[in-house]
Protein chains: 2
Amino acid sequence: MKTTLRKIVMEARELFREHGYDGASMQDLAARVGLKKASLYTRFPNKEALVSEVLTLTLEETLKGLPDPREDWQLAWQTLIGRIAKTFETRKRCVGLHLAYGVTSVTPEAQAAVSQFFNVLRERMADILRLGGIPQPDSAAADILAQLEGATLWITTSGDVEPLRRAVKSASRLDVFGRKI
Amino acid sequence: MKTTLRKIVMEARELFREHGYDGASMQDLAARVGLKKASLYTRFPNKEALVSEVLTLTLEETLKGLPDPREDWQLAWQTLIGRIAKTFETRKRCVGLHLAYGVTSVTPEAQAAVSQFFNVLRERMADILRLGGIPQPDSAAADILAQLEGATLWITTSGDVEPLRRAVKSASRLDVFGRKI
DNA sequence: ATAAAATACTACCGACCGGTCGGGTGTAAA
DNA sequence: TTTACACCCGACCGGTCGGTAGTATTTTAT
């Protein structure tokens with residue numbers, strides 16, 4: 001991927017994270033990458049297409065080079081949870097959540113991309129838990145991800161990161177809904 | 001409160017919930033209540049002021065007529081959790097969460113209103129847990145609310161309400177992060 | 001009945017939105 | 001040297017945004 005293209009996607013991610021789908025403007029995005037708005041349309045057909053690019057990049061970064069869960073599933077699990085939580089803590093929010101609430105049926109491809117993003121993430125998490133012999137790994141993954149996402153609410157409203165920290169701890173110990181290790 | 005005023009606030013809530021702060025337009029709001037846009041400005045100074053009205057109404061509805069927790073804290077708890085979850089399940093989303101992500105520093109009063117909304121809600125939850133002798137009631141309330149909010153992610157992305165149902169069950173049993181009843 | 005206050009309307013404002021157009025410019029292959 | 005392509009730009013499109021001015025209509029209080 002060309003570096004300019006990657007930079008556009010990364011800046012788009014920041015804008016989506018901060019201002020949501022509606023609130024992010026192509027004008028702002030162009031300014032952040034040092035281009036004019038019209039130039040963006042040589043690389044992307046429209047604003048909606050940015051969504052799937054942003055989420056694909058994010059998924060890549062989140063999963064790339066994870067420890068092989070077949071060798072040490074607990075290490076893979078801690079690493080994955082740690083990556084997610086670190087992003088939430090430094091960026092204060094989750095792009096995916098903002099987009100999930102922000103895209104509607106008028107942008108169906110973006111909506112599909114968001115759904116897929118969270119499904120893939122949950123499946124990867126469930127894969128690891130399954131290797132660890134955790135019962136109902138799909139539900140457990142969904143619940144833990146929900147807890148992490150929900151914790152970002154407190155970061156954005158009051159700056160309190162403790163709920164996220166507690167969510168990470170409990171996810172590490174897997175003491176969620178009586179599924180303790 | 002005059003009925004028209006209340007209707008405006010209720011419709012504004014639906015718009016904020018569905019489209020977020022930026023995505024909700026005064027034009028749409030006016031159409032929903034059978035008025036012209038300019039007429040809204042005889043009741044509200046600006047769009048931002050709607051946020052605190054919406055959240056005040058929501059807090060009122062959520063807390064009004066709750067069973068007295070000093071008589072039966074478990075009943076009060078179940079009722080409160082049930083109300084929150086019912087709204088999430090029928091409306092698919094939480095207005096507060098959408099606004100929390102949607103308002104920024106350019107609308108400081110709205111931002112403050114959102115912070116206050118969640119703080120008050122958490123405090124009320126914590127009050128009940130305190131009466132029940134639950135350890136660290138503030139943290140417990142924050143964590144449980146986070147879990148409920150996070151569960152709405154799955155409702156909006158895939159329509160799956162099971163994470164929310166599990167969150168309600170675990171909240172009812174208070175088996176959160178090892179704080180089991 | 002009348003004055004005052006609330007509420008409603010039409011019409012408009014400047015700013016910004018996503019997106020398109022035609023015309024450049026630099027590079028690299030033929 | 002020509003051709004081709006990728007990229008970038010200023011200017012512009014129709015449309016929507018939050019908000020306002022001025023005026024008409026309805027409600028309320030005296």
# chains A, B, ... in the order shown; residues from 1 in each chain; ligands from 1
>>> closest_atom_pairs(of="chain B", to="chain D", cutoff="9 Å", atoms="only C-alpha atoms (C1' of nucleotides)", output="Markdown table")
| residue | atom | partner | partner_atom | distance |
| --- | --- | --- | --- | --- |
| B:Ser25 | CA | D:DC17 | C1' | 7.7 |
| B:Met26 | CA | D:DG18 | C1' | 7.7 |
| B:Ala38 | CA | D:DG19 | C1' | 8.4 |
| B:Tyr41 | CA | D:DG19 | C1' | 8.6 |
| B:Asn46 | CA | D:DG19 | C1' | 7.9 |
| B:Lys47 | CA | D:DG18 | C1' | 7.7 |
>>> interface_residues(of="chain B", to="chain C", cutoff="12 Å", atoms="only C-alpha atoms (C1' of nucleotides)", output="MDAnalysis selection string")
chainID B and resid 4:5 34:43
>>> select_by_dssp(residues="chain B", states="helix (DSSP H, G or I)", output="PyMOL selection string")
chain B and resi 3-23+26-32+37-40+47-63+73-91+95-102+108-131+137-158+162-173
>>> closest_atom_pairs(of="chain A", to="chain B", cutoff="7 Å", atoms="only C-alpha atoms", output="tab-separated table")
residue	atom	partner	partner_atom	distance
A:His19	CA	B:Gly102	CA	6.5
A:Gly20	CA	B:Gly102	CA	6.9
A:Asp22	CA	B:Gly23	CA	6.1
A:Gly23	CA	B:Asp22	CA	6.1
A:Leu97	CA	B:Leu153	CA	6.8
A:His98	CA	B:Tyr101	CA	6.7
A:Ala100	CA	B:Thr157	CA	6.3
A:Tyr101	CA	B:His98	CA	6.7
A:Gly102	CA	B:His19	CA	6.6
A:Val114	CA	B:Thr157	CA	7.0
A:Ser115	CA	B:Thr157	CA	5.0
A:Ala142	CA	B:Pro163	CA	6.8
A:Asp143	CA	B:Pro163	CA	6.0
A:Ala146	CA	B:Gly150	CA	4.0
A:Gln147	CA	B:Gln147	CA	4.6
A:Glu149	CA	B:Gly150	CA	5.3
A:Gly150	CA	B:Ala146	CA	4.0
A:Ala151	CA	B:Ala146	CA	5.2
A:Leu153	CA	B:Leu97	CA	6.8
A:Thr156	CA	B:Ala100	CA	6.8
A:Thr157	CA	B:Ser115	CA	4.9
A:Ser158	CA	B:Ser115	CA	6.3
A:Pro163	CA	B:Asp143	CA	6.0
A:Ser170	CA	B:Phe177	CA	6.1
A:Asp175	CA	B:Phe177	CA	6.3
A:Val176	CA	B:Phe177	CA	6.8
A:Phe177	CA	B:Ser170	CA	6.1
>>> write_last_selection(atoms="N, CA and C atoms", output="short mmCIF file (atom, residue, chain, number, x, y, z; two decimals), in the first residue's frame")
data_model
loop_
_atom_site.label_atom_id
_atom_site.label_comp_id
_atom_site.auth_asym_id
_atom_site.auth_seq_id
_atom_site.Cartn_x
_atom_site.Cartn_y
_atom_site.Cartn_z
N HIS A 19 -15.07 12.47 15.43
CA HIS A 19 -16.30 13.17 15.03
C HIS A 19 -17.38 12.27 14.48
N GLY A 20 -17.12 10.99 14.36
CA GLY A 20 -18.13 10.10 13.82
C GLY A 20 -18.22 10.20 12.31
N ASP A 22 -20.82 11.18 10.23
CA ASP A 22 -21.38 12.45 9.74
C ASP A 22 -20.44 13.62 10.01
N GLY A 23 -19.89 13.64 11.20
CA GLY A 23 -19.10 14.79 11.63
C GLY A 23 -17.74 14.91 10.95
N LEU A 97 -16.95 1.56 17.42
CA LEU A 97 -18.19 1.86 18.14
C LEU A 97 -18.81 3.14 17.60
N HIS A 98 -17.96 4.17 17.38
CA HIS A 98 -18.49 5.42 16.86
C HIS A 98 -19.13 5.22 15.49
N ALA A 100 -20.28 2.33 14.38
CA ALA A 100 -21.45 1.45 14.53
C ALA A 100 -22.69 2.27 14.82
N TYR A 101 -22.55 3.27 15.67
CA TYR A 101 -23.68 4.14 15.97
C TYR A 101 -23.91 5.15 14.85
N GLY A 102 -22.86 5.47 14.09
CA GLY A 102 -22.94 6.58 13.14
C GLY A 102 -23.41 6.23 11.75
N VAL A 114 -18.87 -2.37 9.10
CA VAL A 114 -18.82 -2.29 10.56
C VAL A 114 -19.23 -3.62 11.17
N SER A 115 -20.32 -4.18 10.66
CA SER A 115 -20.76 -5.49 11.16
C SER A 115 -19.65 -6.52 11.03
N ALA A 142 -18.00 -12.05 22.98
CA ALA A 142 -18.92 -10.93 22.78
C ALA A 142 -19.08 -10.13 24.08
N ASP A 143 -19.22 -10.83 25.18
CA ASP A 143 -19.42 -10.14 26.45
C ASP A 143 -18.20 -9.34 26.87
N ALA A 146 -17.89 -6.32 24.74
CA ALA A 146 -18.89 -5.34 25.17
C ALA A 146 -18.41 -4.58 26.41
N GLN A 147 -17.85 -5.32 27.33
CA GLN A 147 -17.36 -4.67 28.55
C GLN A 147 -16.27 -3.65 28.24
N GLU A 149 -15.74 -2.08 25.34
CA GLU A 149 -16.33 -0.96 24.60
C GLU A 149 -17.09 -0.05 25.55
N GLY A 150 -17.88 -0.67 26.41
CA GLY A 150 -18.66 0.13 27.35
C GLY A 150 -17.78 0.97 28.26
N ALA A 151 -16.61 0.45 28.59
CA ALA A 151 -15.71 1.19 29.48
C ALA A 151 -15.24 2.49 28.85
N LEU A 153 -17.01 4.57 27.47
CA LEU A 153 -17.99 5.60 27.82
C LEU A 153 -17.47 6.47 28.95
N THR A 156 -14.63 8.89 27.84
CA THR A 156 -15.05 10.08 27.10
C THR A 156 -15.84 11.05 27.96
N THR A 157 -16.63 10.53 28.90
CA THR A 157 -17.47 11.45 29.67
C THR A 157 -16.74 12.06 30.86
N SER A 158 -15.89 11.28 31.49
CA SER A 158 -15.26 11.81 32.71
C SER A 158 -13.76 11.60 32.74
N PRO A 163 -12.57 2.00 34.92
CA PRO A 163 -13.45 0.93 34.42
C PRO A 163 -12.79 0.11 33.32
N SER A 170 -10.34 -8.25 34.48
CA SER A 170 -11.32 -9.33 34.52
C SER A 170 -11.26 -10.16 33.24
N ASP A 175 -12.92 -13.84 34.41
CA ASP A 175 -13.99 -14.02 35.40
C ASP A 175 -15.21 -13.22 34.96
N VAL A 176 -15.76 -13.64 33.83
CA VAL A 176 -16.90 -12.95 33.27
C VAL A 176 -18.11 -13.87 33.29
N PHE A 177 -19.12 -13.42 33.97
CA PHE A 177 -20.37 -14.16 33.99
C PHE A 177 -20.13 -15.61 34.41
#
